[in-house]
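One file, input01.txt, is given below (compact mmCIF, C-alpha atoms).
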# COMPACT_ATOMS: atom_id res chain seq x y z
CA THR A 1144 0.00 0.00 0.00
CA LYS A 1145 0.98 3.63 -0.48
CA SER A 1146 -0.39 6.67 1.31
CA LEU A 1147 -2.00 9.32 -0.88
CA GLY A 1148 -1.15 12.07 1.62
CA GLN A 1149 1.01 12.07 4.71
CA PRO A 1150 2.72 8.76 5.59
CA LYS A 1151 0.21 7.97 8.37
CA ASP A 1152 -2.93 9.03 6.46
CA SER A 1153 -5.62 6.35 6.30
CA LEU A 1154 -6.36 6.88 2.58
CA GLN A 1155 -4.19 4.32 0.84
CA SER A 1156 -3.67 3.08 -2.69
CA ILE A 1157 -3.36 -0.69 -3.06
CA GLN A 1158 -0.82 -1.49 -5.73
CA GLN A 1159 0.59 -4.61 -7.35
CA ILE A 1160 4.03 -5.09 -8.84
CA THR A 1161 5.81 -8.14 -10.25
CA VAL A 1162 9.05 -8.71 -8.36
CA MET A 1163 10.04 -12.17 -9.62
CA GLN A 1164 10.85 -13.41 -13.11
CA GLU A 1165 9.47 -16.67 -14.51
CA SER A 1166 12.89 -18.22 -13.91
CA GLY A 1167 12.53 -17.53 -10.19
CA ALA A 1168 15.12 -14.75 -10.16
CA LEU A 1169 14.24 -11.37 -8.67
CA MET A 1170 13.51 -8.50 -11.02
CA LYS A 1171 16.32 -6.00 -11.49
CA PRO A 1172 15.89 -2.41 -10.25
CA SER A 1173 14.55 -0.04 -12.92
CA ARG A 1174 16.68 2.99 -13.66
CA GLY A 1175 15.50 5.87 -15.79
CA SER A 1176 13.39 4.73 -18.74
CA ARG A 1177 14.77 1.20 -18.73
CA SER A 1178 12.01 -1.43 -18.65
CA GLY A 1179 11.51 -5.03 -19.67
CA GLY A 1180 14.38 -7.48 -19.80
CA GLY A 1181 13.85 -8.57 -16.22
CA HIS A 1182 13.57 -5.05 -14.79
CA LEU A 1183 10.89 -4.01 -12.31
CA PRO A 1184 7.73 -2.77 -14.08
CA GLU A 1185 5.62 0.12 -12.81
CA ALA A 1186 3.22 -0.68 -10.01
CA ARG A 1187 -0.38 -1.38 -11.03
CA LEU A 1188 -3.17 0.37 -9.11
CA LEU A 1189 -5.77 -2.10 -7.82
CA ALA A 1190 -7.90 -0.06 -5.41
CA LEU A 1191 -8.17 3.00 -3.17
CA ALA A 1192 -9.21 2.39 0.42
CA ILE A 1193 -9.54 4.03 3.83
CA MET A 1194 -7.59 1.50 5.83
CA PRO A 1195 -7.00 0.85 9.55
CA GLU A 1196 -3.84 1.94 11.30
CA ARG A 1197 -2.10 -1.22 10.09
CA ALA A 1198 -2.68 -1.24 6.35
CA ALA A 1199 -2.20 -4.99 6.05
CA LEU A 1200 -2.99 -7.01 2.93
CA HIS A 1201 -3.61 -10.74 3.11
CA PRO A 1202 -3.11 -12.79 -0.09
CA LEU A 1203 -5.34 -15.87 -0.30
CA PRO A 1204 -4.22 -19.19 -1.82
CA ASP A 1205 -6.46 -18.63 -4.87
CA GLY A 1206 -4.76 -15.31 -5.70
CA ARG A 1207 -7.36 -12.95 -4.25
CA ILE A 1208 -6.32 -10.22 -1.81
CA LEU A 1209 -8.13 -9.59 1.48
CA PHE A 1210 -8.09 -6.22 3.21
CA ALA A 1211 -10.14 -4.11 5.62
CA SER A 1212 -11.52 -0.68 4.76
CA GLN A 1213 -13.96 1.89 6.12
CA PRO A 1214 -16.77 2.51 3.59
CA ILE A 1215 -17.66 6.14 2.89
CA THR A 1216 -20.13 7.98 0.68
CA LEU A 1217 -18.95 11.09 -1.12
CA PRO A 1218 -19.38 13.93 -0.46
CA VAL A 1219 -18.75 13.34 3.25
CA VAL A 1220 -21.30 15.27 5.34
CA GLU A 1221 -20.22 14.06 8.80
CA SER A 1222 -17.03 15.24 10.47
CA ARG A 1223 -16.60 11.81 12.06
CA PRO A 1224 -18.39 9.01 10.17
CA LYS A 1225 -19.48 6.03 12.24
CA LEU A 1226 -16.67 3.50 12.38
CA GLU A 1227 -17.92 0.38 10.59
CA PRO A 1228 -15.00 -1.16 8.67
CA LEU A 1229 -15.69 -4.09 6.37
CA LEU A 1230 -13.66 -6.87 4.78
CA HIS A 1231 -13.08 -6.70 1.03
CA LEU A 1232 -11.60 -8.91 -1.68
CA ILE A 1233 -9.68 -7.97 -4.81
CA ALA A 1234 -10.10 -10.58 -7.55
CA ALA A 1235 -7.06 -12.63 -8.55
CA ASP A 1236 -6.87 -10.80 -11.89
CA GLY A 1237 -7.19 -7.42 -10.17
CA GLN A 1238 -10.21 -6.50 -12.29
CA SER A 1239 -12.95 -6.45 -9.65
CA LEU A 1240 -13.59 -5.69 -5.99
CA SER A 1241 -16.17 -7.31 -3.71
CA THR A 1242 -17.23 -6.98 -0.07
CA ILE A 1243 -17.52 -9.99 2.24
CA PRO A 1244 -21.23 -9.93 3.22
CA THR A 1245 -20.96 -9.80 7.01
CA ALA A 1246 -24.13 -8.79 8.86
CA PRO A 1247 -24.24 -5.28 10.39
CA GLY A 1248 -22.65 -5.28 13.83
CA ASP A 1249 -21.08 -8.73 13.47
CA LEU A 1250 -17.50 -7.55 12.98
CA PRO A 1251 -15.36 -5.90 15.65
CA THR A 1252 -14.72 -2.24 14.86
CA ASP A 1253 -10.95 -2.77 15.10
CA LEU A 1254 -9.74 -4.77 12.08
CA ASN A 1255 -6.05 -4.02 12.48
CA TYR A 1256 -5.12 -7.61 13.30
CA MET A 1257 -6.30 -10.45 11.07
CA VAL A 1258 -4.99 -13.96 10.36
CA VAL A 1259 -6.12 -16.02 7.35
CA SER A 1260 -6.56 -19.79 7.63
CA PRO A 1261 -4.17 -21.97 5.57
CA ASP A 1262 -6.89 -22.78 3.01
CA GLY A 1263 -8.04 -19.15 2.76
CA LYS A 1264 -11.63 -19.99 3.68
CA ARG A 1265 -11.70 -18.25 7.08
CA VAL A 1266 -10.16 -15.19 8.68
CA ALA A 1267 -9.69 -14.64 12.40
CA VAL A 1268 -9.92 -11.08 13.73
CA VAL A 1269 -8.79 -9.96 17.19
CA GLU A 1270 -9.78 -6.57 18.57
CA GLU A 1271 -6.79 -5.30 20.51
CA ALA A 1272 -8.67 -2.84 22.72
CA THR A 1273 -11.28 -5.33 23.99
CA ASP A 1274 -9.72 -8.79 23.34
CA ALA A 1275 -12.75 -9.88 21.24
CA VAL A 1276 -11.98 -12.63 18.70
CA ALA A 1277 -14.16 -13.39 15.67
CA VAL A 1278 -13.95 -15.99 12.90
CA VAL A 1279 -15.38 -15.01 9.51
CA GLU A 1280 -16.18 -17.31 6.59
CA VAL A 1281 -14.75 -15.61 3.50
CA SER A 1282 -17.35 -17.01 1.08
CA SER A 1283 -20.53 -16.34 3.07
CA GLY A 1284 -19.59 -13.63 5.57
CA LYS A 1285 -20.92 -15.80 8.42
CA THR A 1286 -19.28 -14.52 11.59
CA GLU A 1287 -18.84 -16.23 14.95
CA ILE A 1288 -17.62 -14.32 18.01
CA ILE A 1289 -15.54 -17.01 19.72
CA SER A 1290 -14.33 -14.72 22.51
CA ALA A 1291 -16.62 -11.99 23.82
CA PRO A 1292 -15.24 -8.46 24.27
CA HIS A 1293 -13.99 -7.37 27.68
CA PRO A 1294 -13.69 -3.56 27.64
CA ASN A 1295 -11.10 -3.43 30.45
CA TRP A 1296 -8.75 -5.90 28.80
CA SER A 1297 -6.36 -5.57 25.86
CA CYS A 1298 -5.08 -8.46 23.77
CA GLU A 1299 -1.30 -8.67 23.43
CA THR A 1300 -1.22 -11.66 21.08
CA VAL A 1301 -2.44 -12.57 17.60
CA PRO A 1302 -4.46 -15.78 17.00
CA ALA A 1303 -2.69 -18.64 15.22
CA TRP A 1304 -4.22 -21.28 12.95
CA LYS A 1305 -3.29 -24.83 13.94
CA SER A 1306 -5.00 -26.14 10.80
CA ALA A 1307 -7.60 -24.95 8.30
CA THR A 1308 -10.35 -25.58 10.87
CA GLU A 1309 -8.57 -25.07 14.22
CA LEU A 1310 -7.56 -21.74 15.75
CA THR A 1311 -5.63 -20.98 18.93
CA PHE A 1312 -6.03 -17.64 20.70
CA ALA A 1313 -5.73 -15.85 24.04
CA ALA A 1314 -8.92 -15.19 26.01
CA LEU A 1315 -10.26 -14.72 29.52
CA ASP A 1316 -11.28 -17.92 31.25
CA GLU A 1317 -15.04 -17.78 31.79
CA LYS A 1318 -14.72 -19.18 35.33
CA THR A 1319 -11.47 -17.76 36.71
CA HIS A 1320 -11.43 -14.57 34.59
CA ALA A 1321 -7.69 -15.09 34.12
CA PRO A 1322 -5.85 -15.17 30.77
CA CYS A 1323 -5.81 -18.58 29.11
CA TRP A 1324 -4.94 -20.15 25.76
CA MET A 1325 -7.92 -21.53 23.86
CA LEU A 1326 -8.45 -23.87 20.93
CA TRP A 1327 -11.43 -23.26 18.64
CA SER A 1328 -12.57 -25.92 16.18
CA ALA A 1329 -15.18 -25.56 13.47
CA GLU A 1330 -16.49 -29.01 14.42
CA LYS A 1331 -16.04 -29.11 18.21
CA GLY A 1332 -16.28 -25.52 19.41
CA LYS A 1333 -13.70 -24.24 21.89
CA ARG A 1334 -11.79 -25.55 24.90
CA SER A 1335 -8.91 -24.42 27.09
CA LEU A 1336 -5.42 -25.73 26.39
CA SER A 1337 -3.79 -24.06 29.38
CA SER A 1338 -5.86 -25.16 32.38
CA GLN A 1339 -2.82 -26.89 33.91
CA TRP A 1340 -0.26 -24.26 32.95
CA PRO A 1341 1.33 -21.95 35.55
CA ALA A 1342 -0.30 -18.52 35.72
CA ALA A 1343 3.03 -16.81 35.05
CA ALA A 1344 3.15 -18.43 31.59
CA MET A 1345 -0.08 -16.68 30.57
CA HIS A 1346 0.35 -13.33 32.27
CA ASP A 1347 1.51 -11.38 29.21
CA TRP A 1348 -1.13 -12.59 26.74
CA LEU A 1349 -3.78 -10.13 27.93
CA SER A 1350 -3.36 -6.92 29.89
CA GLU A 1351 -5.93 -5.38 32.21
CA ARG A 1352 -6.51 -1.65 32.19
CA ARG A 1353 -7.10 -0.68 35.80
CA PRO A 1354 -8.69 2.70 36.61
CA GLU A 1355 -6.29 5.23 38.02
CA PRO A 1356 -6.83 5.94 41.72
CA ALA A 1357 -8.57 9.19 42.50
CA THR A 1358 -6.23 11.94 43.61
CA LYS A 1359 -6.91 13.72 46.86
CA THR A 1360 -7.33 17.46 46.70
CA SER A 1361 -6.42 19.85 49.47
CA PRO A 1362 -9.32 21.74 51.10

Please go through the file and, once you have read it, give me the structure as structure tokens.
Amino acid sequence: TKSLGQPKDSLQSIQQITVMQESGALMKPSRGSRSGGGHLPEARLLALAIMPERAALHPLPDGRILFASQPITLPVVESRPKLEPLLHLIAADGQSLSTIPTAPGDLPTDLNYMVVSPDGKRVAVVEEATDAVAVVEVSSGKTEIISAPHPNWSCETVPAWKSATELTFAALDEKTHAPCWMLWSAEKGKRSLSSQWPAAAMHDWLSERRPEPATKTSP
């Protein structure tokens, strides 16, 4: 991606460039008007998007590209549009763009951290500020919140796919309310993997935001 304004601006252009030759060798740097003959071509514009703080692109095994973007309608009439980012797909040939049809309110509002399953059929999203974790089916948009949000907790880890249908992630234990490591399965649901682990091993996975103590004022 490339910012269309200042480096940290959210409006980004998504571009594609060929960096490897058919032989497997890397393309040579282009200098001046030199092109072809194994030299880097110009980047191809695929889309413009208002992206989260981490403008991450996720290539799928079938060649499509997954990314998150905030939809807007021009001209913008609100100074601060409601934050409702969606997941989008760029076709493998770069000729079309589609939106994954998630239901309104299903997705977390923070889509900075996503992990695609090995087969590209699901994507796991973790919301850093609340520790919520969701699994989204790429084809249907069906979304399952596998870890409910806890507003006073922040997630310090990213989920990891064990297989195409199994996901591991940090969450709060529903009984002890302590950080734990969970396994979610499309067939069997979720279970804790860390029930016998020492608490110190799980301490850094989630962090609790405690309210600051009130300061005393002099009369």

task: Find the distance between CA of Leu1232 (chain A) and CA of Gly1284 (chain A) and write it in Å to one decimal.
output: 11.8 Å

query: Suppose you want the space between CA of Val1269 (chain A) and CA of Ser1156 (chain A); what is it in Å?
result: 24.3 Å

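If you measure from each of A:Asn1255, A:Thr1311, A:Ser1350, A:Ser1338 to Asn1295 (chain A) using all atoms listed in the file, the closest one turns out to be A:Ser1350.
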
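In this comparison, which uses all atoms listed in the file, the residue of A:Glu1317, A:Ile1289, A:Val1258, A:Leu1169 approaching Ala1199 (chain A) most closely is A:Val1258.
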
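Of the residues under consideration (A:Gly1206, A:Pro1302, A:Gly1248, A:Gly1181), A:Gly1206 shows the shortest atom-to-atom contact distance to Ile1233 (chain A) when counting all atoms listed in the file.
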
- request: Would you mind reading off the distance between CA of Ile1160 (chain A) and CA of Ala1234 (chain A), one decimal, in Å?
  value: 15.2 Å

Taking (-14.1, -15.8, 33.3) in the file's coordinates, which residues come within 12 Å, counting all atoms listed in the file, written as a compact mmCIF listing (two decimals) with C-alpha atoms, in the coordinates of the input?
# COMPACT_ATOMS: atom_id res chain seq x y z
CA SER A 1290 -14.33 -14.72 22.51
CA ALA A 1291 -16.62 -11.99 23.82
CA PRO A 1292 -15.24 -8.46 24.27
CA HIS A 1293 -13.99 -7.37 27.68
CA ALA A 1314 -8.92 -15.19 26.01
CA LEU A 1315 -10.26 -14.72 29.52
CA ASP A 1316 -11.28 -17.92 31.25
CA GLU A 1317 -15.04 -17.78 31.79
CA LYS A 1318 -14.72 -19.18 35.33
CA THR A 1319 -11.47 -17.76 36.71
CA HIS A 1320 -11.43 -14.57 34.59
CA ALA A 1321 -7.69 -15.09 34.12
CA PRO A 1322 -5.85 -15.17 30.77
CA CYS A 1323 -5.81 -18.58 29.11
CA SER A 1335 -8.91 -24.42 27.09

- line: With distances taken over only C-alpha atoms, the candidate from A:Thr1242, A:Ser1306, A:Gln1339, A:Ser1146 nearest Gln1213 (chain A) is A:Thr1242

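You can rank A:Glu1330, A:Asp1249, A:Glu1271, A:Glu1287 by their closest distance to Val1301 (chain A) using only C-alpha atoms, and at the top of that list sits A:Glu1271.
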
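Comparing the minimum interatomic distances between Ile1243 (chain A) and each of A:Glu1280, A:Glu1309, A:Glu1351, A:Glu1165, counting only C-alpha atoms, we find that A:Glu1280 sits nearest.
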
- request: Give me the residues within 9 Å of region 1184-1187 of chain A as a PyMOL selection string, counting only C-alpha atoms and dropping any in the same chain fewer than 5 places off.
  value: chain A and resi 1157-1162+1170+1173+1178-1179

- request: Please identify all polymer residues within 9 Å of Asp1253 (chain A), counting only C-alpha atoms, omitting same-chain residues fewer than 3 positions from it, and present them as a PyMOL selection string.
  value: chain A and resi 1195+1226-1228+1250+1256+1268-1272

Suppose we keep C-alpha atoms; can you now write the selection as a tab-separated table (two decimals), in the coordinates of the input?
chain	number	residue	atom	x	y	z
A	1195	PRO	CA	-7.00	0.85	9.55
A	1226	LEU	CA	-16.67	3.50	12.38
A	1227	GLU	CA	-17.92	0.38	10.59
A	1228	PRO	CA	-15.00	-1.16	8.67
A	1250	LEU	CA	-17.50	-7.55	12.98
A	1256	TYR	CA	-5.12	-7.61	13.30
A	1268	VAL	CA	-9.92	-11.08	13.73
A	1269	VAL	CA	-8.79	-9.96	17.19
A	1270	GLU	CA	-9.78	-6.57	18.57
A	1271	GLU	CA	-6.79	-5.30	20.51
A	1272	ALA	CA	-8.67	-2.84	22.72
